[in-house]
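Below: query06.cif (mmCIF, C-alpha atoms)
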```
data_data
#
loop_
_atom_site.label_atom_id
_atom_site.label_comp_id
_atom_site.auth_asym_id
_atom_site.auth_seq_id
_atom_site.Cartn_x
_atom_site.Cartn_y
_atom_site.Cartn_z
CA TYR T 1 -46.21 65.18 -28.26
CA PHE T 2 -48.20 65.79 -31.46
CA ILE T 3 -46.13 68.89 -32.28
CA SER T 4 -42.96 66.84 -31.80
CA PHE T 5 -44.40 63.99 -33.88
CA ILE T 6 -45.33 66.29 -36.80
CA ARG T 7 -41.87 67.89 -36.77
CA THR T 8 -40.18 64.46 -36.84
CA LYS T 9 -42.34 63.25 -39.74
CA THR T 10 -41.70 66.48 -41.64
CA GLU T 11 -37.93 66.08 -41.28
CA GLU T 12 -38.12 62.42 -42.37
CA THR T 13 -40.18 63.41 -45.43
CA LYS T 14 -37.57 66.01 -46.41
CA GLU T 15 -34.75 63.49 -46.01
CA HIS T 16 -36.57 60.92 -48.16
CA ALA T 17 -37.19 63.57 -50.85
CA ILE T 18 -33.49 64.51 -50.94
CA ILE T 19 -32.43 60.87 -51.16
CA HIS T 20 -34.94 60.17 -53.93
CA LYS T 21 -33.79 63.22 -55.90
CA ASN T 22 -30.11 62.28 -55.71
CA LYS T 23 -29.96 58.85 -57.40
CA ASN T 24 -26.28 58.45 -56.64
CA SER T 25 -26.81 58.82 -52.87
CA LEU T 26 -26.30 55.85 -50.71
CA ASN T 27 -29.46 54.37 -49.27
CA LEU T 28 -29.70 55.34 -45.61
CA ILE T 29 -30.30 52.57 -43.15
CA TYR T 30 -32.56 53.70 -40.34
CA ASN T 31 -31.82 51.87 -37.17
CA LYS T 32 -35.14 51.70 -35.38
CA GLY T 33 -33.51 49.98 -32.41
CA LEU T 34 -34.88 46.98 -30.68
CA LYS T 35 -38.32 45.77 -31.56
CA LYS T 36 -40.73 47.25 -29.09
CA ASP T 37 -42.65 44.84 -26.97
CA LYS T 38 -45.99 46.63 -26.66
CA LYS T 39 -47.16 44.52 -23.73
CA ILE T 40 -44.10 45.34 -21.65
CA ILE T 41 -44.30 49.03 -22.57
CA PHE T 42 -47.99 49.16 -21.70
CA GLY T 43 -47.32 47.35 -18.41
CA ILE T 44 -44.57 49.79 -17.43
CA LEU T 45 -46.69 52.81 -18.38
CA PHE T 46 -49.63 51.46 -16.38
CA LEU T 47 -47.37 50.83 -13.38
CA MET T 48 -46.02 54.38 -13.67
CA SER T 49 -49.60 55.69 -13.74
CA ILE T 50 -50.48 53.79 -10.56
CA LEU T 51 -47.31 55.06 -8.82
CA LEU T 52 -48.12 58.65 -9.82
CA THR T 53 -51.74 58.25 -8.67
CA ILE T 54 -50.65 56.98 -5.23
CA TYR T 55 -48.28 59.94 -4.94
CA ILE T 56 -51.07 62.41 -5.83
CA MET T 57 -53.52 60.80 -3.39
CA CYS T 58 -50.94 60.95 -0.61
CA ILE T 59 -50.55 64.69 -1.20
CA SER T 60 -54.33 65.08 -1.06
CA PHE T 61 -54.82 63.06 2.14
CA SER T 62 -51.88 64.73 3.92
CA PHE T 63 -53.31 68.21 3.33
CA ARG T 64 -53.34 70.23 6.59
CA ARG T 65 -51.65 67.37 8.44
CA GLU T 66 -48.26 67.40 10.14
CA VAL T 67 -46.23 65.49 7.54
CA PHE T 68 -42.47 65.19 7.09
CA ASP T 69 -41.43 66.46 3.65
CA LYS T 70 -41.17 63.39 1.42
CA ARG T 71 -38.70 65.05 -0.96
CA ILE T 72 -35.92 64.55 1.57
CA PHE T 73 -36.12 60.80 0.90
CA TYR T 74 -35.70 61.08 -2.89
CA LEU T 75 -31.91 60.94 -2.88
CA PHE T 76 -31.92 57.56 -1.12
CA PHE T 77 -34.71 55.93 -3.11
CA ILE T 78 -33.64 57.19 -6.54
CA SER T 79 -30.07 56.00 -5.88
CA ILE T 80 -31.32 52.52 -4.92
CA PHE T 81 -33.70 52.16 -7.89
CA SER T 82 -31.10 53.54 -10.31
CA ARG T 83 -28.62 50.96 -9.06
CA PHE T 84 -30.92 48.01 -9.76
CA ILE T 85 -32.99 49.23 -12.73
CA LEU T 86 -30.61 51.49 -14.63
CA LYS T 87 -27.50 49.56 -13.51
CA SER T 88 -25.88 52.79 -12.35
CA LYS T 89 -22.78 52.40 -10.21
CA ILE T 90 -22.50 54.10 -6.83
CA TYR T 91 -19.02 55.52 -6.31
CA LYS T 92 -17.14 56.70 -3.27
CA HIS T 93 -18.20 60.35 -3.46
CA GLN T 94 -21.83 59.27 -3.82
CA ILE T 95 -21.56 57.10 -0.69
CA LEU T 96 -20.25 60.20 1.09
CA SER T 97 -23.25 62.14 -0.23
CA LEU T 98 -25.72 59.52 0.99
CA SER T 99 -24.04 59.44 4.41
CA LEU T 100 -24.30 63.22 4.75
CA SER T 101 -27.91 63.10 3.56
CA PHE T 102 -28.73 60.52 6.24
CA ILE T 103 -27.20 62.78 8.92
CA GLY T 104 -29.21 65.73 7.62
CA LEU T 105 -32.36 63.59 7.62
CA ILE T 106 -31.90 62.71 11.31
CA ILE T 107 -31.27 66.37 12.21
CA LEU T 108 -34.43 67.46 10.34
CA PHE T 109 -36.45 64.69 11.97
CA LEU T 110 -35.62 65.77 15.55
CA PRO T 111 -37.76 68.97 15.62
CA PHE T 112 -40.47 67.21 13.61
CA LEU T 113 -40.94 64.56 16.32
CA SER T 114 -42.08 67.20 18.80
CA LYS T 115 -44.88 68.35 16.47
CA ILE T 116 -46.63 65.12 15.46
CA ASN T 117 -49.25 63.19 17.41
CA ASN T 118 -50.46 59.60 17.16
CA ASP T 119 -53.00 60.46 14.45
CA ASP T 120 -50.22 61.71 12.15
CA ILE T 121 -48.11 58.53 12.34
CA PRO T 122 -50.07 56.48 9.71
CA ILE T 123 -50.05 59.26 7.12
CA ASN T 124 -46.28 59.77 7.66
CA ILE T 125 -45.64 56.05 7.11
CA PHE T 126 -47.73 56.20 3.93
CA ASN T 127 -45.78 59.34 3.02
CA ILE T 128 -42.47 57.42 3.06
CA PHE T 129 -43.94 54.76 0.78
CA SER T 130 -45.25 57.41 -1.62
CA ALA T 131 -41.75 58.95 -1.76
CA ALA T 132 -40.42 55.52 -2.77
CA PHE T 133 -43.18 55.15 -5.38
CA TYR T 134 -42.49 58.56 -6.92
CA SER T 135 -38.73 57.86 -6.97
CA LEU T 136 -39.44 54.60 -8.81
CA PHE T 137 -41.70 56.57 -11.18
CA LEU T 138 -38.83 58.94 -12.08
CA VAL T 139 -36.37 56.09 -12.62
CA LEU T 140 -38.88 54.27 -14.85
CA ILE T 141 -39.14 57.38 -17.04
CA LYS T 142 -35.43 57.05 -17.79
CA TYR T 143 -35.69 53.29 -18.24
CA ILE T 144 -38.63 53.22 -20.65
CA THR T 145 -37.46 56.14 -22.79
CA TYR T 146 -33.94 54.70 -23.23
CA SER T 147 -34.57 50.96 -23.22
CA TYR T 148 -37.61 51.06 -25.52
CA PHE T 149 -36.84 54.30 -27.42
CA LEU T 150 -40.13 55.83 -26.30
CA SER T 151 -40.59 59.57 -26.78
CA PRO T 152 -40.68 61.41 -23.43
CA TYR T 153 -43.65 63.41 -24.73
CA LEU T 154 -45.57 60.25 -25.61
CA CYS T 155 -44.66 58.77 -22.22
CA LEU T 156 -45.95 61.91 -20.49
CA LEU T 157 -49.14 61.89 -22.57
CA LEU T 158 -49.99 58.24 -21.84
CA VAL T 159 -49.07 58.36 -18.15
CA GLY T 160 -51.10 61.55 -17.76
CA PHE T 161 -54.11 59.94 -19.44
CA PHE T 162 -53.95 56.70 -17.45
CA SER T 163 -53.27 58.38 -14.11
CA LEU T 164 -56.15 60.82 -14.69
CA ILE T 165 -58.59 57.94 -15.15
CA ILE T 166 -57.22 56.00 -12.16
CA THR T 167 -57.27 59.11 -9.95
CA LEU T 168 -60.87 59.94 -10.86
CA ILE T 169 -62.01 56.37 -10.18
CA GLY T 170 -60.15 56.36 -6.86
CA PHE T 171 -61.62 59.64 -5.65
CA ILE T 172 -65.13 58.72 -6.84
CA LEU T 173 -65.00 55.46 -4.86
CA TYR T 174 -63.59 57.28 -1.82
CA SER T 175 -66.30 59.95 -2.00
CA LEU T 176 -69.08 57.37 -2.40
CA ILE T 177 -67.82 55.28 0.53
CA LYS T 178 -67.17 58.21 2.88
CA ASN T 179 -69.92 60.71 1.96
CA ASN T 180 -72.36 58.59 -0.11
CA ASP T 181 -72.14 61.20 -2.86
CA LEU T 182 -69.62 62.86 -5.18
CA SER T 183 -69.04 65.92 -3.02
CA TYR T 184 -65.35 65.08 -2.62
CA ILE T 185 -64.63 65.66 -6.33
CA MET T 186 -67.53 68.04 -7.10
CA PRO T 187 -67.47 70.84 -4.50
CA LYS T 188 -69.87 73.76 -4.60
CA PHE T 189 -68.10 75.92 -7.14
CA ASP T 190 -70.73 78.65 -6.96
CA SER T 191 -69.83 79.54 -3.40
CA ILE T 192 -66.11 79.44 -4.22
CA GLN T 193 -66.57 81.69 -7.26
CA ASN T 194 -68.71 84.15 -5.29
CA GLN T 195 -66.03 84.46 -2.63
CA LEU T 196 -62.98 84.73 -4.91
CA GLY T 197 -64.45 86.13 -8.13
CA ILE T 198 -61.96 86.57 -10.96
CA THR T 199 -59.18 85.33 -8.67
CA TYR T 200 -60.67 81.83 -8.84
CA TYR T 201 -60.36 81.61 -12.64
CA LEU T 202 -56.89 83.20 -12.63
CA TYR T 203 -55.64 80.80 -9.97
CA THR T 204 -57.11 77.79 -11.80
CA PHE T 205 -55.47 78.81 -15.08
CA LEU T 206 -52.06 79.51 -13.51
CA SER T 207 -52.18 76.24 -11.54
CA PHE T 208 -52.88 74.25 -14.70
CA LEU T 209 -50.20 76.12 -16.66
CA PHE T 210 -47.40 75.84 -14.10
CA CYS T 211 -48.20 72.24 -13.14
CA SER T 212 -48.12 71.26 -16.82
CA LEU T 213 -44.80 73.03 -17.37
CA LEU T 214 -43.38 71.42 -14.24
CA GLN T 215 -44.27 67.93 -15.48
CA ILE T 216 -42.91 68.58 -18.99
CA PHE T 217 -39.61 69.98 -17.74
CA SER T 218 -39.26 67.22 -15.12
CA PHE T 219 -39.68 64.56 -17.82
CA LEU T 220 -37.15 66.32 -20.07
CA VAL T 221 -34.62 66.65 -17.23
CA VAL T 222 -34.91 62.92 -16.51
CA TYR T 223 -34.73 62.09 -20.24
CA TYR T 224 -31.70 64.22 -21.11
CA PHE T 225 -29.85 64.04 -17.79
CA SER T 226 -30.72 61.92 -14.76
CA PRO T 227 -33.50 61.51 -12.16
CA LEU T 228 -30.90 62.41 -9.53
CA LEU T 229 -30.52 65.90 -10.98
CA LEU T 230 -34.08 66.62 -9.83
CA VAL T 231 -32.95 65.90 -6.26
CA VAL T 232 -31.13 69.25 -6.19
CA THR T 233 -34.33 71.21 -6.84
CA ASP T 234 -36.28 68.84 -4.59
CA ILE T 235 -33.99 69.89 -1.74
CA ILE T 236 -34.13 73.62 -2.56
CA SER T 237 -37.94 73.60 -2.75
CA PRO T 238 -38.63 72.41 0.84
CA MET T 239 -35.90 74.80 2.03
CA LEU T 240 -37.74 77.73 0.47
CA SER T 241 -41.09 76.47 1.77
CA TRP T 242 -39.65 76.19 5.27
CA ALA T 243 -38.07 79.66 5.06
CA LEU T 244 -41.35 81.20 3.87
CA GLY T 245 -43.30 79.41 6.59
CA ASN T 246 -40.79 80.60 9.17
CA ILE T 247 -41.29 84.20 8.06
CA ILE T 248 -45.07 83.87 8.47
CA GLU T 249 -44.92 81.92 11.72
CA THR T 250 -41.64 82.16 13.64
CA GLU T 251 -40.28 78.86 14.94
CA SER T 252 -38.56 78.30 18.27
CA TYR T 253 -34.79 78.76 18.35
CA HIS T 254 -34.46 75.01 18.87
CA ASP T 255 -36.40 74.15 15.66
CA LEU T 256 -34.76 76.99 13.73
CA PHE T 257 -31.28 75.69 14.56
CA PHE T 258 -31.96 72.05 13.66
CA ASN T 259 -33.85 72.86 10.46
CA SER T 260 -31.19 75.29 9.23
CA ILE T 261 -28.38 72.78 9.79
CA GLY T 262 -30.41 69.87 8.39
CA TYR T 263 -31.42 71.57 5.15
CA PHE T 264 -27.89 72.90 4.62
CA ILE T 265 -26.42 69.39 4.95
CA GLU T 266 -29.07 67.96 2.59
CA LEU T 267 -28.26 70.60 -0.02
CA ILE T 268 -24.52 69.95 0.21
CA ALA T 269 -25.17 66.18 -0.07
CA ALA T 270 -27.23 66.70 -3.25
CA PHE T 271 -24.47 68.91 -4.72
CA ILE T 272 -21.82 66.28 -3.98
CA TYR T 273 -23.89 63.47 -5.51
CA ASN T 274 -24.46 65.44 -8.73
CA GLU T 275 -20.78 66.53 -8.78
CA ILE T 276 -21.63 70.22 -8.50
CA ILE T 277 -19.28 70.13 -5.50
CA ILE T 278 -16.19 67.90 -5.91
CA CYS T 279 -14.24 66.81 -2.82
CA ASN T 280 -10.54 66.65 -3.76
CA PHE T 281 -9.44 64.44 -0.88
CA CYS T 282 -9.52 60.76 0.13
CA ASP T 283 -10.11 59.79 -3.55
CA PHE T 284 -13.66 61.17 -3.44
CA ASN T 285 -12.95 62.85 -6.79
CA LYS T 286 -11.55 59.73 -8.52
CA TYR T 287 -14.75 58.68 -10.32
CA THR T 288 -16.27 62.09 -10.96
CA LYS T 289 -16.88 62.99 -14.58
CA LYS T 290 -14.34 65.81 -14.51
CA CYS T 291 -11.49 63.62 -13.21
CA ILE T 292 -12.35 60.74 -15.54
CA GLU T 293 -12.12 63.12 -18.52
CA GLU T 294 -8.79 64.47 -17.23
CA ARG T 295 -7.36 60.94 -17.00
CA GLN T 296 -8.60 60.16 -20.52
CA ASN T 297 -6.92 63.29 -21.88
CA LYS T 298 -3.65 62.39 -20.14
CA GLU T 299 -3.76 58.87 -21.58
CA LEU T 300 -4.44 60.25 -25.08
CA ASN T 301 -1.55 62.69 -24.78
CA SER T 302 0.67 59.88 -23.54
CA LEU T 303 -0.29 57.70 -26.54
CA LYS T 304 0.44 60.59 -28.92
CA MET T 305 3.86 61.10 -27.34
CA ASP T 306 4.64 57.39 -27.63
#
```

Let me see the structure of the file written as structure tokens.
Amino acid sequence: YFISFIRTKTEETKEHAIIHKNKNSLNLIYNKGLKKDKKIIFGILFLMSILLTIYIMCISFSFRREVFDKRIFYLFFISIFSRFILKSKIYKHQILSLSLSFIGLIILFLPFLSKINNDDIPINIFNIFSAAFYSLFLVLIKYITYSYFLSPYLCLLLVGFFSLIITLIGFILYSLIKNNDLSYIMPKFDSIQNQLGITYYLYTFLSFLFCSLLQIFSFLVVYYFSPLLLVVTDIISPMLSWALGNIIETESYHDLFFNSIGYFIELIAAFIYNEIIICNFCDFNKYTKKCIEERQNKELNSLKMD
């Protein structure tokens, strides 16, 4: 954020110097947009931090538990929140996509039901809520950066700072209540380092690096494109995780069949929603970007001919 801020100020300084030097230049009017309401911005950022914290805690508590992959739900929740918050319209081809995604979700859920026990039900319910919270978090990134002209880097910086504080407080309270100490957030690093050696430091550095890059690129994708574009990668990722897990530990033919079909349908649904695949039948292509541009070009050509 600070690198971006310095670059912006440097460019503005150069522009002011050029304008000042050329006395005959017209005075530029900088449209700073709507006046920012700091209280609303702070409230949205704090809400985003809480949503991200809940998502992180859910990942932590579901570790080594039989949990249905929450990323499958993103397409539904992001579509709903985008409709009400970003005022995005849902067209015919997107309804087809959501219908296919729902079918894929049911197919993926069938083999999962045979694996879970009663102890896993609460964490799976919480998992669905955390998927909704993270979807809302992604939509709010788009909303706050466009509605209040907030830099995505500044948004990432503030949300990261707030969520770090909230997460630490949450885990400290949890550790004190459960273990009467801080062992949950302060494990015995000496024993870990002795076992892993240099691998421990390398893994820590790479984890920090790649997680940081993932957050930065995710924010930029949402800022420049749409939260729904992330759904494509959020479908591919569990597919690869499932394929890798299946190589290590072979599933039954029953689970292999249902998971293969389910993930394939989910991927196709995400492609249709993001118009990577266009269905040229039953007017499913009518409101895609490509067809809208073609109709505009035809209308322009028609006006020129007239």

Item to check | Two-atom distance - CA of Ile144 in chain T, CA of Ser82 in chain T (Å) | outcome: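 Taking CA of Ile144 in chain T and CA of Ser82 in chain T, their separation equals 12.8 Å.
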
Checklist entry - For the atom pair CA of Ser99 in chain T and CA of Leu256 in chain T, what is the interatomic distance in Å to one decimal place? => result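 CA of Leu256 in chain T lies 22.6 Å from CA of Ser99 in chain T.
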
Next on the checklist: One decimal, in Å: what's the spacing between CA of Arg83 in chain T and CA of Glu294 in chain T?
Outcome noted: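 These atoms are spaced 25.3 Å apart.
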
Which protein, DNA or RNA residues have an atom at most 10 Å from (-37.1, 61.3, 7.2), counting only C-alpha atoms? List them as a compact mmCIF listing (two decimals) with C-alpha atoms, in the frame of the given file.
```
# COMPACT_ATOMS: atom_id res chain seq x y z
CA PHE T 68 -42.47 65.19 7.09
CA ASP T 69 -41.43 66.46 3.65
CA LYS T 70 -41.17 63.39 1.42
CA ARG T 71 -38.70 65.05 -0.96
CA ILE T 72 -35.92 64.55 1.57
CA PHE T 73 -36.12 60.80 0.90
CA PHE T 102 -28.73 60.52 6.24
CA GLY T 104 -29.21 65.73 7.62
CA LEU T 105 -32.36 63.59 7.62
CA ILE T 106 -31.90 62.71 11.31
CA ILE T 107 -31.27 66.37 12.21
CA LEU T 108 -34.43 67.46 10.34
CA PHE T 109 -36.45 64.69 11.97
CA LEU T 110 -35.62 65.77 15.55
CA PHE T 112 -40.47 67.21 13.61
CA ASN T 124 -46.28 59.77 7.66
CA ASN T 127 -45.78 59.34 3.02
CA ILE T 128 -42.47 57.42 3.06
```

With 6 Å on each side, where is the centre of the axis-aligned box around all listed atoms of range 257-276 of chain T, and how long are its edges in Å to one decimal, as AutoDock Vina command-line options?
```
--center_x -27.3 --center_y 69.6 --center_z 2.9 --size_x 25.1 --size_y 24.2 --size_z 35.3
```

Checklist entry - Near Asn280 in chain T, within 10 Å and counting only C-alpha atoms, which residues show up once chain neighbours fewer than 5 positions away are dropped, as a PyMOL selection string? => result chain T and resi 93+285-286+291

Next on the checklist: Assuming the chain letters and numbering stay as they are in my file, what does the PyMOL selection byres ((chain T and resi 255) around 12) actually select? List them as a PyMOL selection string.
Outcome noted: chain T and resi 107-115+242+246+250-254+256-263

Item to check | Chain and number of each residue from the PyMOL selection byres ((chain T and resi 135-137) around 8), as a ChimeraX atom specification | outcome: /T:48,51-52,74,77-78,81,131-134,138-141

Could you expand the PyMOL selection byres ((chain T and resi 1) around 7) into the explicit residues it covers here, written as a short mmCIF file (atom, residue, chain, number, x, y, z; two decimals) with C-alpha atoms, in the frame of the given file?
```
data_model
loop_
_atom_site.label_atom_id
_atom_site.label_comp_id
_atom_site.auth_asym_id
_atom_site.auth_seq_id
_atom_site.Cartn_x
_atom_site.Cartn_y
_atom_site.Cartn_z
CA PHE T 2 -48.20 65.79 -31.46
CA ILE T 3 -46.13 68.89 -32.28
CA SER T 4 -42.96 66.84 -31.80
CA PHE T 5 -44.40 63.99 -33.88
CA TYR T 153 -43.65 63.41 -24.73
CA LEU T 154 -45.57 60.25 -25.61
#
```

Next on the checklist: Give me, as a ChimeraX atom specification, all polymer residues having an atom no more than 12 Å from Gly43 in chain T, counting all atoms listed in the file and skipping those fewer than 6 positions away in the same chain.
Outcome noted: /T:37,49-50,140,144,158-159,162

Can you write just those residues out, C-alpha atoms, as an mmCIF file, in the frame of the given file?
```
data_model
loop_
_atom_site.group_PDB
_atom_site.id
_atom_site.type_symbol
_atom_site.label_atom_id
_atom_site.label_comp_id
_atom_site.auth_asym_id
_atom_site.auth_seq_id
_atom_site.Cartn_x
_atom_site.Cartn_y
_atom_site.Cartn_z
ATOM 1 C CA ASP T 37 -42.650 44.840 -26.970
ATOM 2 C CA SER T 49 -49.600 55.690 -13.740
ATOM 3 C CA ILE T 50 -50.480 53.790 -10.560
ATOM 4 C CA LEU T 140 -38.880 54.270 -14.850
ATOM 5 C CA ILE T 144 -38.630 53.220 -20.650
ATOM 6 C CA LEU T 158 -49.990 58.240 -21.840
ATOM 7 C CA VAL T 159 -49.070 58.360 -18.150
ATOM 8 C CA PHE T 162 -53.950 56.700 -17.450
#
```

Missing atoms in range 200-210 of chain T should be modelled up to all heavy atoms and reported as a compact mmCIF listing (two decimals), keeping the file's coordinate frame.
```
# COMPACT_ATOMS: atom_id res chain seq x y z
N TYR T 200 -60.47 83.29 -8.73
CA TYR T 200 -60.67 81.83 -8.84
C TYR T 200 -60.24 81.33 -10.22
O TYR T 200 -59.50 80.36 -10.34
CB TYR T 200 -62.14 81.50 -8.59
CG TYR T 200 -62.51 80.07 -8.93
CD1 TYR T 200 -62.17 79.03 -8.08
CD2 TYR T 200 -63.19 79.77 -10.11
CE1 TYR T 200 -62.50 77.71 -8.41
CE2 TYR T 200 -63.52 78.47 -10.44
CZ TYR T 200 -63.17 77.45 -9.57
OH TYR T 200 -63.50 76.17 -9.90
N TYR T 201 -60.69 82.03 -11.27
CA TYR T 201 -60.36 81.61 -12.64
C TYR T 201 -58.87 81.82 -12.92
O TYR T 201 -58.24 80.99 -13.59
CB TYR T 201 -61.20 82.39 -13.64
CG TYR T 201 -62.68 82.13 -13.51
CD1 TYR T 201 -63.52 83.04 -12.87
CD2 TYR T 201 -63.25 80.96 -14.02
CE1 TYR T 201 -64.88 82.80 -12.75
CE2 TYR T 201 -64.60 80.70 -13.90
CZ TYR T 201 -65.42 81.64 -13.27
OH TYR T 201 -66.76 81.37 -13.13
N LEU T 202 -58.32 82.93 -12.42
CA LEU T 202 -56.89 83.20 -12.63
C LEU T 202 -56.04 82.15 -11.94
O LEU T 202 -55.08 81.64 -12.53
CB LEU T 202 -56.55 84.59 -12.10
CG LEU T 202 -55.08 85.01 -12.24
CD1 LEU T 202 -54.68 85.08 -13.70
CD2 LEU T 202 -54.85 86.37 -11.56
N TYR T 203 -56.40 81.81 -10.71
CA TYR T 203 -55.64 80.80 -9.97
C TYR T 203 -55.73 79.43 -10.64
O TYR T 203 -54.75 78.71 -10.73
CB TYR T 203 -56.17 80.71 -8.54
CG TYR T 203 -55.48 79.67 -7.70
CD1 TYR T 203 -54.22 79.92 -7.15
CD2 TYR T 203 -56.07 78.44 -7.47
CE1 TYR T 203 -53.57 78.96 -6.39
CE2 TYR T 203 -55.42 77.47 -6.71
CZ TYR T 203 -54.18 77.74 -6.17
OH TYR T 203 -53.56 76.78 -5.43
N THR T 204 -56.91 79.08 -11.12
CA THR T 204 -57.11 77.79 -11.80
C THR T 204 -56.25 77.70 -13.06
O THR T 204 -55.59 76.69 -13.32
CB THR T 204 -58.59 77.60 -12.16
OG1 THR T 204 -59.38 77.68 -10.99
CG2 THR T 204 -58.81 76.24 -12.82
N PHE T 205 -56.25 78.79 -13.85
CA PHE T 205 -55.47 78.81 -15.08
C PHE T 205 -53.98 78.72 -14.79
O PHE T 205 -53.25 77.94 -15.42
CB PHE T 205 -55.77 80.09 -15.87
CG PHE T 205 -54.86 80.30 -17.06
CD1 PHE T 205 -55.02 79.55 -18.21
CD2 PHE T 205 -53.84 81.24 -17.00
CE1 PHE T 205 -54.17 79.74 -19.31
CE2 PHE T 205 -53.00 81.43 -18.08
CZ PHE T 205 -53.16 80.67 -19.24
N LEU T 206 -53.48 79.52 -13.84
CA LEU T 206 -52.06 79.51 -13.51
C LEU T 206 -51.62 78.17 -12.93
O LEU T 206 -50.52 77.69 -13.21
CB LEU T 206 -51.74 80.64 -12.52
CG LEU T 206 -51.86 82.06 -13.08
CD1 LEU T 206 -51.60 83.09 -11.99
CD2 LEU T 206 -50.89 82.27 -14.24
N SER T 207 -52.50 77.57 -12.12
CA SER T 207 -52.18 76.24 -11.54
C SER T 207 -52.02 75.21 -12.64
O SER T 207 -51.05 74.42 -12.65
CB SER T 207 -53.28 75.80 -10.57
OG SER T 207 -53.38 76.68 -9.50
N PHE T 208 -52.95 75.20 -13.58
CA PHE T 208 -52.88 74.25 -14.70
C PHE T 208 -51.63 74.50 -15.54
O PHE T 208 -50.93 73.55 -15.92
CB PHE T 208 -54.14 74.38 -15.57
CG PHE T 208 -54.14 73.47 -16.76
CD1 PHE T 208 -54.49 72.13 -16.63
CD2 PHE T 208 -53.79 73.94 -18.01
CE1 PHE T 208 -54.48 71.28 -17.73
CE2 PHE T 208 -53.78 73.11 -19.11
CZ PHE T 208 -54.13 71.77 -18.97
N LEU T 209 -51.34 75.77 -15.82
CA LEU T 209 -50.20 76.12 -16.66
C LEU T 209 -48.88 75.70 -16.02
O LEU T 209 -48.06 75.01 -16.63
CB LEU T 209 -50.19 77.63 -16.94
CG LEU T 209 -48.99 78.17 -17.72
CD1 LEU T 209 -48.93 77.58 -19.11
CD2 LEU T 209 -49.04 79.70 -17.78
N PHE T 210 -48.68 76.10 -14.76
CA PHE T 210 -47.40 75.84 -14.10
C PHE T 210 -47.22 74.36 -13.77
O PHE T 210 -46.11 73.84 -13.83
CB PHE T 210 -47.25 76.69 -12.85
CG PHE T 210 -47.02 78.15 -13.14
CD1 PHE T 210 -47.85 79.13 -12.62
CD2 PHE T 210 -45.97 78.54 -13.96
CE1 PHE T 210 -47.64 80.46 -12.90
CE2 PHE T 210 -45.74 79.88 -14.25
CZ PHE T 210 -46.58 80.84 -13.73
```
